[in-house]
>>> print(open('run.cif').read())   # mmCIF, C-alpha atoms
data_structure
loop_
_atom_site.label_atom_id
_atom_site.label_comp_id
_atom_site.auth_asym_id
_atom_site.auth_seq_id
_atom_site.Cartn_x
_atom_site.Cartn_y
_atom_site.Cartn_z
CA MET A 1 -8.31 -30.33 -52.39
CA VAL A 2 -5.02 -31.88 -51.34
CA LYS A 3 -3.50 -28.40 -51.20
CA THR A 4 -6.24 -27.19 -48.87
CA ARG A 5 -5.70 -30.16 -46.57
CA VAL A 6 -2.02 -29.39 -46.37
CA PHE A 7 -2.90 -25.80 -45.49
CA VAL A 8 -5.27 -26.93 -42.77
CA ALA A 9 -2.61 -29.25 -41.39
CA ILE A 10 -0.06 -26.44 -41.29
CA ILE A 11 -2.50 -24.12 -39.54
CA LEU A 12 -3.29 -26.86 -37.02
CA VAL A 13 0.38 -27.37 -36.27
CA VAL A 14 0.93 -23.64 -35.83
CA LEU A 15 -2.06 -23.47 -33.50
CA VAL A 16 -0.86 -26.36 -31.35
CA VAL A 17 2.63 -24.88 -31.13
CA ALA A 18 1.17 -21.50 -30.13
CA VAL A 19 -0.95 -23.05 -27.39
CA VAL A 20 1.94 -25.14 -26.06
CA LEU A 21 4.25 -22.12 -26.02
CA THR A 22 1.63 -20.07 -24.19
CA VAL A 23 1.19 -22.76 -21.54
CA VAL A 24 4.95 -23.19 -21.10
CA PHE A 25 5.44 -19.41 -20.87
CA PHE A 26 2.76 -18.92 -18.24
CA THR A 27 3.60 -21.90 -16.04
CA ARG A 28 7.25 -20.99 -16.04
CA LYS A 29 6.31 -17.49 -14.93
CA THR A 30 4.24 -18.70 -11.98
CA GLU A 31 6.88 -21.00 -10.51
CA GLY A 32 8.60 -18.02 -8.92
CA THR A 33 11.57 -19.12 -6.88
CA THR A 34 13.95 -16.44 -8.07
CA ALA A 35 14.61 -13.61 -5.64
CA ARG A 36 15.67 -10.33 -7.17
CA VAL A 37 17.31 -7.43 -5.36
CA TYR A 38 16.84 -3.91 -6.68
CA VAL A 39 18.45 -0.65 -5.58
CA ASP A 40 16.78 2.50 -6.88
CA GLY A 41 14.92 0.37 -9.42
CA GLU A 42 18.04 -1.31 -10.79
CA LEU A 43 18.59 -5.04 -10.51
CA VAL A 44 21.77 -5.57 -8.47
CA TYR A 45 21.51 -9.25 -7.52
CA SER A 46 19.36 -12.28 -8.24
CA VAL A 47 19.37 -15.82 -6.91
CA ASP A 48 17.39 -18.99 -7.57
CA LEU A 49 16.26 -19.84 -4.04
CA SER A 50 15.35 -23.43 -4.89
CA SER A 51 18.95 -24.26 -5.72
CA VAL A 52 20.53 -22.90 -2.53
CA ASP A 53 22.17 -25.83 -0.67
CA GLU A 54 24.11 -24.05 2.08
CA PRO A 55 22.78 -20.87 3.75
CA TYR A 56 24.98 -17.88 3.01
CA GLU A 57 25.20 -14.11 3.45
CA LYS A 58 25.37 -11.50 0.74
CA ILE A 59 26.40 -7.90 1.40
CA ILE A 60 24.64 -5.25 -0.68
CA GLU A 61 26.34 -1.85 -0.69
CA THR A 62 23.95 0.88 -1.78
CA PRO A 63 24.80 4.58 -2.23
CA TYR A 64 22.71 5.12 0.92
CA GLY A 65 24.05 2.37 3.21
CA THR A 66 24.61 -1.36 3.59
CA ASN A 67 22.18 -4.28 3.84
CA ILE A 68 23.28 -7.81 4.69
CA LEU A 69 21.09 -10.52 3.20
CA LYS A 70 20.72 -14.03 4.54
CA ILE A 71 19.86 -16.59 1.89
CA GLU A 72 18.61 -20.12 2.53
CA GLN A 73 16.83 -22.76 0.51
CA GLY A 74 13.51 -21.21 -0.52
CA ARG A 75 13.81 -17.99 1.44
CA ILE A 76 15.68 -14.72 1.88
CA CYS A 77 15.81 -11.95 4.49
CA VAL A 78 17.73 -8.87 5.51
CA SER A 79 19.66 -9.98 8.60
CA ASP A 80 21.35 -6.65 9.27
CA ALA A 81 21.31 -3.11 7.92
CA ASP A 82 22.62 0.29 8.95
CA CYS A 83 19.38 2.07 8.07
CA PRO A 84 17.69 4.14 10.78
CA ASP A 85 14.28 2.44 10.85
CA GLN A 86 15.25 -1.28 10.56
CA VAL A 87 11.94 -2.03 8.85
CA CYS A 88 13.71 -4.26 6.31
CA VAL A 89 15.25 -6.37 9.09
CA GLU A 90 11.98 -6.63 10.99
CA THR A 91 10.08 -7.70 7.89
CA GLY A 92 11.67 -11.12 8.34
CA TRP A 93 11.80 -13.92 5.81
CA LEU A 94 10.48 -13.56 2.30
CA GLU A 95 9.19 -16.86 0.95
CA ASN A 96 6.61 -15.88 -1.63
CA GLY A 97 5.82 -13.07 -3.99
CA SER A 98 3.08 -11.22 -2.17
CA VAL A 99 4.99 -8.64 -0.13
CA PRO A 100 8.43 -7.42 -1.11
CA ILE A 101 11.05 -6.57 1.50
CA VAL A 102 11.56 -2.83 1.23
CA CYS A 103 14.30 -0.72 2.81
CA LEU A 104 13.09 2.81 2.18
CA PRO A 105 16.18 4.67 3.40
CA HIS A 106 18.41 2.59 1.10
CA LYS A 107 15.86 2.39 -1.76
CA LEU A 108 16.33 -1.37 -1.73
CA VAL A 109 13.63 -3.85 -2.74
CA ILE A 110 13.78 -7.64 -2.60
CA LYS A 111 11.12 -9.51 -4.54
CA ILE A 112 10.17 -13.01 -5.46
CA GLU A 113 8.09 -13.40 -8.59
CA LYS A 114 4.44 -13.71 -7.79
CA ASN A 115 3.21 -17.24 -7.25
CA GLY A 116 -0.47 -16.42 -7.16
CA GLU A 117 -1.01 -16.25 -3.40
CA VAL A 118 -2.73 -12.89 -2.96
CA ASP A 119 -2.84 -9.90 -5.28
CA ALA A 120 -1.86 -7.22 -2.77
CA VAL A 121 -1.28 -6.77 0.94
CA ALA A 122 -2.69 -3.92 3.03
CA GLU A 123 -0.17 -2.95 5.70
CA MET B 1 -13.06 -25.99 -47.15
CA LYS B 2 -12.23 -22.33 -47.51
CA LYS B 3 -14.64 -21.70 -44.67
CA THR B 4 -12.76 -24.11 -42.42
CA LEU B 5 -9.55 -22.31 -43.27
CA LEU B 6 -11.12 -19.00 -42.38
CA VAL B 7 -12.32 -20.35 -39.04
CA PHE B 8 -8.80 -21.58 -38.25
CA PHE B 9 -7.36 -18.17 -39.02
CA ILE B 10 -9.92 -16.47 -36.83
CA VAL B 11 -9.23 -18.83 -33.93
CA LEU B 12 -5.50 -18.31 -34.35
CA LEU B 13 -5.97 -14.56 -34.37
CA LEU B 14 -8.07 -14.70 -31.22
CA VAL B 15 -5.51 -16.83 -29.39
CA LEU B 16 -2.69 -14.50 -30.33
CA SER B 17 -4.59 -11.32 -29.52
CA ALA B 18 -5.55 -12.72 -26.12
CA CYS B 19 -1.86 -12.98 -25.33
CA THR B 20 -1.06 -9.37 -26.03
CA HIS B 21 -4.27 -7.65 -25.02
CA SER B 22 -5.93 -7.41 -21.63
CA SER B 23 -4.72 -10.67 -20.11
CA THR B 24 -1.14 -9.41 -19.83
CA PRO B 25 -0.57 -7.26 -16.78
CA ARG B 26 1.33 -3.99 -17.19
CA GLU B 27 3.28 -3.19 -14.07
CA THR B 28 5.39 -0.45 -12.58
CA GLU B 29 7.07 0.14 -9.24
CA PHE B 30 8.70 3.23 -7.79
CA PHE B 31 9.53 5.13 -4.62
CA ALA B 32 7.41 8.19 -3.84
CA MET B 33 5.88 9.90 -0.80
CA ASP B 34 8.47 8.25 1.40
CA THR B 35 7.19 4.78 0.52
CA PHE B 36 7.18 2.04 -2.13
CA MET B 37 4.40 1.99 -4.70
CA SER B 38 3.27 -0.43 -7.39
CA PHE B 39 0.57 -0.49 -10.07
CA VAL B 40 -0.70 -3.57 -11.89
CA VAL B 41 -3.00 -2.69 -14.77
CA TYR B 42 -4.81 -4.73 -17.40
CA GLY B 43 -5.30 -2.36 -20.32
CA ASP B 44 -3.94 1.00 -21.45
CA GLU B 45 -0.24 1.04 -20.61
CA SER B 46 -0.06 4.84 -20.66
CA PHE B 47 -1.62 4.80 -17.19
CA LEU B 48 1.66 3.64 -15.65
CA THR B 49 3.71 6.74 -16.41
CA GLU B 50 0.78 9.14 -16.16
CA GLY B 51 -0.18 7.67 -12.79
CA GLU B 52 3.36 7.96 -11.48
CA ASN B 53 3.56 11.56 -12.69
CA LEU B 54 0.25 12.31 -11.00
CA ILE B 55 1.64 11.05 -7.69
CA ARG B 56 4.80 13.11 -8.07
CA GLU B 57 2.77 16.23 -8.84
CA TYR B 58 0.62 15.82 -5.73
CA GLU B 59 3.68 14.96 -3.66
CA SER B 60 5.34 18.21 -4.68
CA VAL B 61 2.31 20.10 -3.36
CA LEU B 62 1.38 18.02 -0.30
CA SER B 63 4.80 17.19 1.15
CA ALA B 64 5.44 18.74 4.56
CA THR B 65 9.12 17.84 4.41
CA GLN B 66 10.12 19.24 0.98
CA PRO B 67 11.15 22.83 1.65
CA GLY B 68 9.38 25.19 -0.71
CA SER B 69 6.37 22.92 -1.33
CA PRO B 70 3.05 24.78 -1.04
CA LEU B 71 2.31 22.85 2.17
CA SER B 72 5.72 23.70 3.69
CA LEU B 73 5.10 27.34 2.81
CA LEU B 74 1.70 27.20 4.49
CA ASN B 75 3.27 25.77 7.64
CA LYS B 76 5.91 28.52 7.54
CA THR B 77 3.77 31.53 6.65
CA GLY B 78 0.41 30.39 8.08
CA THR B 79 -1.58 31.02 4.92
CA THR B 80 -2.12 29.65 1.39
CA ASP B 81 -4.33 30.02 -1.67
CA ASN B 82 -3.36 26.63 -3.13
CA GLN B 83 -6.58 24.99 -4.32
CA ILE B 84 -5.41 21.40 -3.81
CA ILE B 85 -4.57 22.13 -0.18
CA ILE B 86 -7.82 24.02 0.43
CA ASP B 87 -9.82 21.19 -1.12
CA LEU B 88 -8.03 18.52 0.89
CA VAL B 89 -8.26 20.44 4.18
CA SER B 90 -12.00 20.79 3.66
CA ARG B 91 -12.35 17.02 3.12
CA CYS B 92 -10.17 16.32 6.16
CA SER B 93 -12.17 18.70 8.37
CA GLU B 94 -15.35 16.80 7.51
CA ILE B 95 -13.71 13.54 8.56
CA SER B 96 -12.37 15.17 11.73
CA ALA B 97 -15.91 16.21 12.62
CA LEU B 98 -17.19 12.70 11.81
CA THR B 99 -14.59 11.14 14.12
CA ASN B 100 -15.00 13.73 16.90
CA GLY B 101 -11.44 14.87 16.43
CA TYR B 102 -9.74 11.48 16.61
CA PHE B 103 -8.48 12.19 13.11
CA ASP B 104 -6.84 15.61 12.91
CA ILE B 105 -4.30 16.94 10.39
CA THR B 106 -3.28 19.72 12.80
CA VAL B 107 -1.41 17.23 15.00
CA TYR B 108 1.70 17.96 12.94
CA PRO B 109 3.57 20.23 15.43
CA ALA B 110 3.62 17.24 17.79
CA VAL B 111 4.70 14.83 15.02
CA TYR B 112 7.55 17.22 14.32
CA GLU B 113 8.62 17.63 17.96
CA TRP B 114 8.63 13.85 18.51
CA GLY B 115 11.01 13.67 15.54
CA PHE B 116 8.96 11.42 13.29
CA THR B 117 9.65 13.56 10.22
CA THR B 118 13.36 14.02 10.84
CA ASP B 119 14.28 10.71 12.54
CA ASN B 120 15.76 12.77 15.42
CA HIS B 121 13.42 11.05 17.85
CA ARG B 122 12.84 12.53 21.28
CA VAL B 123 10.48 11.64 24.14
CA LEU B 124 8.58 14.76 25.17
CA THR B 125 7.78 15.53 28.81
CA LYS B 126 4.13 15.71 29.83
CA GLU B 127 4.43 19.51 30.11
CA GLU B 128 5.81 19.76 26.58
CA SER B 129 3.09 17.60 25.05
CA ASP B 130 0.34 19.39 27.02
CA GLU B 131 1.63 22.69 25.67
CA LEU B 132 1.48 21.28 22.12
CA THR B 133 -2.18 20.22 22.45
CA LYS B 134 -3.04 23.94 22.45
CA LEU B 135 -1.89 24.12 18.81
CA ILE B 136 -3.99 21.13 17.76
CA GLY B 137 -7.58 21.41 16.58
CA TYR B 138 -9.05 21.37 13.08
CA GLN B 139 -11.66 23.95 14.14
CA LYS B 140 -8.87 26.51 14.53
CA ILE B 141 -8.28 26.59 10.75
CA THR B 142 -10.06 29.48 9.06
CA ARG B 143 -10.82 29.09 5.37
CA ASN B 144 -13.03 30.17 2.53
CA GLU B 145 -12.94 29.07 -1.11
CA GLU B 146 -9.87 31.16 -1.95
CA ARG B 147 -7.74 31.23 1.17
CA LEU B 148 -6.83 29.17 4.18
CA THR B 149 -5.22 30.55 7.32
CA LEU B 150 -3.69 28.86 10.36
CA GLN B 151 -3.19 30.32 13.80
CA PRO B 152 0.40 31.17 14.83
CA SER B 153 2.65 28.08 15.27
CA MET B 154 -0.05 25.75 13.92
CA MET B 155 1.06 23.29 11.22
CA ILE B 156 -0.74 20.64 9.18
CA ASP B 157 0.40 17.47 7.51
CA PHE B 158 -1.35 15.10 5.11
CA GLY B 159 0.68 12.01 6.05
CA ALA B 160 -2.49 10.16 7.10
CA VAL B 161 -4.45 10.94 3.91
CA ALA B 162 -2.13 11.83 1.02
CA LYS B 163 -1.87 8.25 -0.21
CA GLY B 164 -5.63 7.75 0.04
CA TYR B 165 -6.26 11.06 -1.73
CA CYS B 166 -3.86 10.13 -4.55
CA THR B 167 -5.45 6.68 -4.81
CA ASP B 168 -8.84 8.28 -5.50
CA LYS B 169 -7.25 10.49 -8.18
CA LEU B 170 -5.58 7.43 -9.73
CA VAL B 171 -8.90 5.58 -9.79
CA GLU B 172 -10.43 8.53 -11.68
CA LEU B 173 -7.58 8.31 -14.17
CA LEU B 174 -8.07 4.54 -14.56
CA ARG B 175 -11.76 5.08 -15.33
CA GLU B 176 -10.99 7.87 -17.81
CA LYS B 177 -8.77 5.40 -19.63
CA ASN B 178 -11.51 2.75 -19.63
CA ILE B 179 -9.37 0.39 -17.59
CA SER B 180 -11.60 -2.00 -15.70
CA SER B 181 -9.06 -4.21 -13.98
CA ALA B 182 -6.17 -2.99 -11.83
CA VAL B 183 -4.51 -3.12 -8.43
CA LEU B 184 -2.84 -0.05 -6.95
CA ASN B 185 -0.57 -0.40 -3.95
CA LEU B 186 0.64 2.86 -2.45
CA GLY B 187 2.88 1.70 0.36
CA GLY B 188 0.35 -0.76 1.74
CA ASN B 189 -2.71 1.34 0.85
CA VAL B 190 -4.40 -0.99 -1.61
CA TYR B 191 -7.11 -0.30 -4.17
CA ALA B 192 -8.58 -3.12 -6.26
CA LEU B 193 -10.41 -1.92 -9.38
CA GLY B 194 -12.98 -4.23 -10.95
CA ARG B 195 -12.15 -7.90 -11.12
CA LYS B 196 -9.26 -9.97 -12.39
CA PRO B 197 -9.33 -10.70 -16.14
CA ASN B 198 -10.45 -14.26 -15.35
CA GLY B 199 -13.59 -12.87 -13.68
CA SER B 200 -12.71 -13.62 -10.07
CA LYS B 201 -12.41 -10.98 -7.38
CA TRP B 202 -9.05 -9.64 -6.22
CA GLU B 203 -7.59 -11.30 -3.18
CA ILE B 204 -6.10 -8.89 -0.66
CA GLY B 205 -4.09 -9.92 2.37
CA ILE B 206 -4.00 -7.96 5.62
CA LYS B 207 -0.56 -7.97 7.15
CA ASN B 208 -0.14 -9.58 10.54
CA PRO B 209 0.90 -6.66 12.80
CA LEU B 210 2.17 -9.06 15.49
CA GLY B 211 4.39 -11.29 13.37
CA GLU B 212 4.86 -12.67 9.90
CA LYS B 213 2.40 -13.36 7.08
CA TYR B 214 -1.26 -12.33 7.25
CA VAL B 215 -4.12 -11.93 9.67
CA GLY B 216 -6.25 -13.11 6.79
CA THR B 217 -7.41 -12.34 3.29
CA LEU B 218 -10.49 -10.82 1.75
CA GLU B 219 -12.00 -10.79 -1.70
CA GLY B 220 -12.90 -7.46 -3.16
CA GLU B 221 -13.75 -5.42 -6.22
CA ASP B 222 -13.78 -1.62 -6.47
CA VAL B 223 -12.56 -1.25 -2.91
CA ALA B 224 -9.82 0.47 -1.02
CA VAL B 225 -8.19 -1.50 1.79
CA VAL B 226 -6.11 0.64 4.14
CA THR B 227 -4.33 -0.42 7.32
CA SER B 228 -2.93 1.75 10.10
CA GLY B 229 -0.76 0.51 12.91
CA ALA B 230 2.26 1.55 14.86
CA TYR B 231 4.06 -1.70 14.07
CA GLN B 232 6.11 -0.35 11.18
CA ARG B 233 7.11 3.15 12.16
CA TYR B 234 8.15 3.65 15.75
CA PHE B 235 11.22 4.26 17.89
CA GLU B 236 12.34 2.73 21.16
CA ARG B 237 13.67 4.46 24.28
CA GLY B 238 14.31 2.70 27.58
CA GLY B 239 12.44 -0.39 26.45
CA VAL B 240 9.30 1.59 25.52
CA LYS B 241 8.03 1.66 21.94
CA TYR B 242 6.77 5.02 20.69
CA GLY B 243 4.58 4.67 17.58
CA HIS B 244 4.30 7.26 14.83
CA ILE B 245 0.51 7.71 15.15
CA LEU B 246 -0.13 10.49 17.64
CA ASP B 247 -3.25 11.07 19.72
CA PRO B 248 -4.51 14.60 18.90
CA PHE B 249 -5.88 14.96 22.44
CA THR B 250 -2.56 14.26 24.20
CA ALA B 251 0.06 15.09 21.53
CA ARG B 252 1.70 11.79 22.50
CA PRO B 253 1.89 8.45 20.63
CA ALA B 254 -1.53 6.81 20.77
CA GLU B 255 -1.67 4.24 23.55
CA SER B 256 -3.93 1.94 21.63
CA ASP B 257 -5.01 -1.57 22.52
CA LEU B 258 -5.12 -2.17 18.77
CA ALA B 259 -2.14 -3.52 16.87
CA SER B 260 -3.71 -2.45 13.60
CA ALA B 261 -6.95 -1.14 12.13
CA THR B 262 -7.94 -1.85 8.53
CA VAL B 263 -10.76 0.01 6.81
CA ILE B 264 -12.44 -1.22 3.63
CA GLY B 265 -14.67 0.93 1.45
CA PRO B 266 -15.07 2.59 -1.95
CA ASN B 267 -13.35 5.87 -1.02
CA ALA B 268 -9.62 5.56 -0.33
CA LEU B 269 -9.24 8.96 1.32
CA LEU B 270 -11.97 8.15 3.83
CA CYS B 271 -10.53 4.68 4.49
CA ASP B 272 -7.06 6.15 4.97
CA ALA B 273 -8.24 8.77 7.49
CA LEU B 274 -10.57 6.39 9.33
CA SER B 275 -7.93 3.70 9.75
CA THR B 276 -5.78 6.26 11.57
CA ALA B 277 -8.75 7.45 13.66
CA LEU B 278 -9.74 3.90 14.65
CA PHE B 279 -6.21 3.10 15.71
CA VAL B 280 -6.17 6.16 17.99
CA MET B 281 -9.67 5.39 19.36
CA GLY B 282 -8.78 1.86 20.41
CA LEU B 283 -11.07 -1.17 20.32
CA ASP B 284 -14.16 -0.12 22.31
CA LYS B 285 -14.57 3.33 20.81
CA SER B 286 -13.90 1.94 17.31
CA ILE B 287 -16.64 -0.64 17.67
CA SER B 288 -19.26 1.93 18.68
CA PHE B 289 -18.05 4.39 16.02
CA LEU B 290 -18.32 1.78 13.24
CA GLN B 291 -22.00 1.19 13.97
CA ASN B 292 -22.87 4.52 12.34
CA VAL B 293 -20.42 4.65 9.43
CA ASP B 294 -20.76 2.99 6.04
CA VAL B 295 -17.39 1.24 5.86
CA GLN B 296 -16.13 -2.20 6.82
CA ALA B 297 -13.25 -2.78 9.21
CA VAL B 298 -10.85 -5.41 10.56
CA LEU B 299 -9.55 -4.60 14.03
CA VAL B 300 -6.59 -6.59 15.38
CA THR B 301 -5.87 -6.20 19.10
CA GLU B 302 -2.49 -6.40 20.78
CA ASN B 303 -3.64 -9.79 22.17
CA GLY B 304 -4.12 -11.13 18.66
CA GLU B 305 -7.92 -11.03 18.66
CA VAL B 306 -9.65 -10.05 15.42
CA PHE B 307 -12.94 -8.13 15.22
CA LEU B 308 -14.85 -7.85 11.93
CA THR B 309 -17.73 -5.59 10.97
CA PRO B 310 -20.79 -7.66 9.95
CA GLY B 311 -20.31 -6.85 6.24
CA LEU B 312 -17.09 -8.87 6.23
CA ASP B 313 -18.72 -12.04 7.53
CA GLY B 314 -17.96 -14.63 4.89
CA VAL B 315 -15.82 -12.17 2.89
CA PHE B 316 -12.79 -12.10 5.18
CA ARG B 317 -11.02 -15.38 5.90
CA SER B 318 -8.62 -15.35 8.83
CA GLU B 319 -5.49 -17.45 8.71
CA GLY B 320 -3.41 -19.60 11.05
CA ASP B 321 -3.67 -18.75 14.76
CA PHE B 322 -6.16 -15.98 14.01
CA LYS B 323 -8.81 -18.52 12.90
CA ASP B 324 -9.90 -19.26 16.46
CA LYS B 325 -9.65 -15.66 17.60
CA THR B 326 -11.85 -13.95 15.01
CA GLN B 327 -15.32 -12.68 15.82
CA VAL B 328 -17.97 -10.62 14.05
CA ILE B 329 -19.05 -7.47 15.89
CA SER B 330 -22.71 -7.40 16.95
CA TRP B 331 -24.14 -4.20 18.30
#
>>> encode(input="run.cif", output="structure tokens")
Amino acid sequence: MVKTRVFVAIILVVLVVAVVLTVVFFTRKTEGTTARVYVDGELVYSVDLSSVDEPYEKIIETPYGTNILKIEQGRICVSDADCPDQVCVETGWLENGSVPIVCLPHKLVIKIEKNGEVDAVAE
Amino acid sequence: MKKTLLVFFIVLLLVLSACTHSSTPRETEFFAMDTFMSFVVYGDESFLTEGENLIREYESVLSATQPGSPLSLLNKTGTTDNQIIIDLVSRCSEISALTNGYFDITVYPAVYEWGFTTDNHRVLTKEESDELTKLIGYQKITRNEERLTLQPSMMIDFGAVAKGYCTDKLVELLREKNISSAVLNLGGNVYALGRKPNGSKWEIGIKNPLGEKYVGTLEGEDVAVVTSGAYQRYFERGGVKYGHILDPFTARPAESDLASATVIGPNALLCDALSTALFVMGLDKSISFLQNVDVQAVLVTENGEVFLTPGLDGVFRSEGDFKDKTQVISW
């Protein structure tokens, strides 16, 4: 009988730990303040936007051309690029995870992890 | 007591399996068809690579810019027996007839001359564009089940439908794999399959064509949401913006009073083609056209006014400044 109780206690502890870990894992994932920059699917730069004190610029050289990023507390944008269409520059500031900034000619994508705003954007 | 133990084990098993099974999204992102695509799927992970391969296969057939693709060969030689092209042309011709020619895949010679495929943009004179209108007209395509033939100098392009067509093929693949919850985003052409794992509908934003963020959001399940507008692809000469969507009747960029047109419905190909057609039609013609077609639409004018088809009343929620400028169409 005592043995069984010990077993039950162990199972309970394991269960509680599992639940806590799940909650921690999922809430951490939805915070989403890290911006990640990809070129051709490869991560080339990442920054925690919540910990940016002074605005700064970051130059990304891709095999296809150059994009200059402007980074401020909580947001990021492409301030200048030598791509022909300038869509990345005109996209403006990225503050949440719903729409990535995409520079097609340079195969560059800037994303913030999804924070549960909308699931997709028709554009 | 053994029973209690068993129950604990079962609960533990359930909790753990919930973590790894359908509540974890499988995602992929890639560049294809000259745009950025992403899939989010709850269920069979094999869809991600198979879906991407499917897109690449169709792209290799339907691309007008890859030399040697069956479509490029058609535009060069004037004839093809490729079944995918014949099938798609037949679907497009139906939609052209439905829209009285406002949607037309034979506008491609003009798209080419304006430089939208090569980025060597050029403003055509009125004489040049008038001359090009003679090459445009879906009725000029002759086809039977085995062969399709164009008239000399005619060319076609599936830029306005390829993503919608592929979306429908991807949805078929999702259903074959018994996936009941997914979001596909093919360069802004969105399809929401089923509902989210938590049972709520998918929330889809419609991009603000006049600035940042959204015009509004809508909740949907098993719907395609496709937007057309000239706000993303255009070029500027002498202070004038020339958009990439051409009017088949003038062979010039559509002078639309719409900033964007979004079409919502179960068939992505139809939504894709109609969003282009509505943009070319402009506000008034779009409103009368929509009365007789079984799709929903969000029309955003250059002045920032928003018009909704009645089916979106209570489904679409406008945001910010658009809240006071949104109205439901009544015929």
>>> atom_distance(input="run.cif", atom1="CA of Gly51 (chain B)", atom2="CA of Ser69 (chain B)")
20.2 Å
>>> interface_residues(input="run.cif", of="chain B", to="chain A", cutoff="6 Å", atoms="only C-alpha atoms", output="number ranges by chain")
B: 188-190, 203-207, 226-227
>>> axis_aligned_box(input="run.cif", around="region 89-105 of chain A", padding_each_side="8 Å", output="JSON")
{"center_x": 9.6, "center_y": -6.1, "center_z": 3.5, "size_x": 29.1, "size_y": 37.5, "size_z": 31.0}
>>> resolve_selection(input="run.cif", expression="the PyMOL selection byres ((chain B and resi 263) around 9)", output="ChimeraX atom specification")
/B:224-228,261-262,264-265,270-272,274-275,278,295-299
>>> residues_around(input="run.cif", residues="Tyr102 (chain B)", least_positions_apart="4", cutoff="9 Å", atoms="all atoms listed in the file", output="ChimeraX atom specification")
/B:96-98,247-249,274,276-278,280-281
>>> write_last_selection(input="run.cif", atoms="C-alpha atoms", output="PDB file, in the frame of the given file")
ATOM      1  CA  SER B  96     -12.370  15.170  11.730  1.00  0.00           C
ATOM      2  CA  ALA B  97     -15.910  16.210  12.620  1.00  0.00           C
ATOM      3  CA  LEU B  98     -17.190  12.700  11.810  1.00  0.00           C
ATOM      4  CA  ASP B 247      -3.250  11.070  19.720  1.00  0.00           C
ATOM      5  CA  PRO B 248      -4.510  14.600  18.900  1.00  0.00           C
ATOM      6  CA  PHE B 249      -5.880  14.960  22.440  1.00  0.00           C
ATOM      7  CA  LEU B 274     -10.570   6.390   9.330  1.00  0.00           C
ATOM      8  CA  THR B 276      -5.780   6.260  11.570  1.00  0.00           C
ATOM      9  CA  ALA B 277      -8.750   7.450  13.660  1.00  0.00           C
ATOM     10  CA  LEU B 278      -9.740   3.900  14.650  1.00  0.00           C
ATOM     11  CA  VAL B 280      -6.170   6.160  17.990  1.00  0.00           C
ATOM     12  CA  MET B 281      -9.670   5.390  19.360  1.00  0.00           C
TER      13      MET B 281
END
>>> resolve_selection(input="run.cif", expression="the PyMOL selection byres ((chain B and resi 139-153) around 6)", output="PyMOL selection string")
chain B and resi 78-81+137-138+154
>>> residues_around(input="run.cif", residues="region 67-74 of chain A", least_positions_apart="4", cutoff="7 Å", atoms="all atoms listed in the file", output="PyMOL selection string")
chain A and resi 33+49-61+78-82+95
>>> atom_distance(input="run.cif", atom1="CA of Ala273 (chain B)", atom2="CA of Ile95 (chain B)")
7.3 Å
>>> resolve_selection(input="run.cif", expression="the PyMOL selection byres ((chain B and resi 131) around 12)", output="PyMOL selection string")
chain B and resi 109-110+113+124-130+132-136+153+249-252
>>> write_last_selection(input="run.cif", atoms="C-alpha atoms", output="tab-separated table (two decimals), in the frame of the given file")
chain	number	residue	atom	x	y	z
B	109	PRO	CA	3.57	20.23	15.43
B	110	ALA	CA	3.62	17.24	17.79
B	113	GLU	CA	8.62	17.63	17.96
B	124	LEU	CA	8.58	14.76	25.17
B	125	THR	CA	7.78	15.53	28.81
B	126	LYS	CA	4.13	15.71	29.83
B	127	GLU	CA	4.43	19.51	30.11
B	128	GLU	CA	5.81	19.76	26.58
B	129	SER	CA	3.09	17.60	25.05
B	130	ASP	CA	0.34	19.39	27.02
B	132	LEU	CA	1.48	21.28	22.12
B	133	THR	CA	-2.18	20.22	22.45
B	134	LYS	CA	-3.04	23.94	22.45
B	135	LEU	CA	-1.89	24.12	18.81
B	136	ILE	CA	-3.99	21.13	17.76
B	153	SER	CA	2.65	28.08	15.27
B	249	PHE	CA	-5.88	14.96	22.44
B	250	THR	CA	-2.56	14.26	24.20
B	251	ALA	CA	0.06	15.09	21.53
B	252	ARG	CA	1.70	11.79	22.50
>>> closest_residue(input="run.cif", among="B:Asp44, B:Glu172, B:Asp313, B:Glu52", to="Ala32 (chain B)", atoms="all atoms listed in the file")
B:Glu52
>>> residues_near_point(input="run.cif", point="(-9.6, -10.6, 2.1)", cutoff="7 Å", atoms="only C-alpha atoms", output="PyMOL selection string")
chain B and resi 203-205+216-220+315-317
>>> atom_distance(input="run.cif", atom1="CA of Tyr42 (chain B)", atom2="CA of Leu170 (chain B)")
14.4 Å
>>> closest_residue(input="run.cif", among="B:Trp331, B:Phe30, B:Pro253, B:Thr301", to="Arg233 (chain B)", atoms="all atoms listed in the file")
B:Pro253
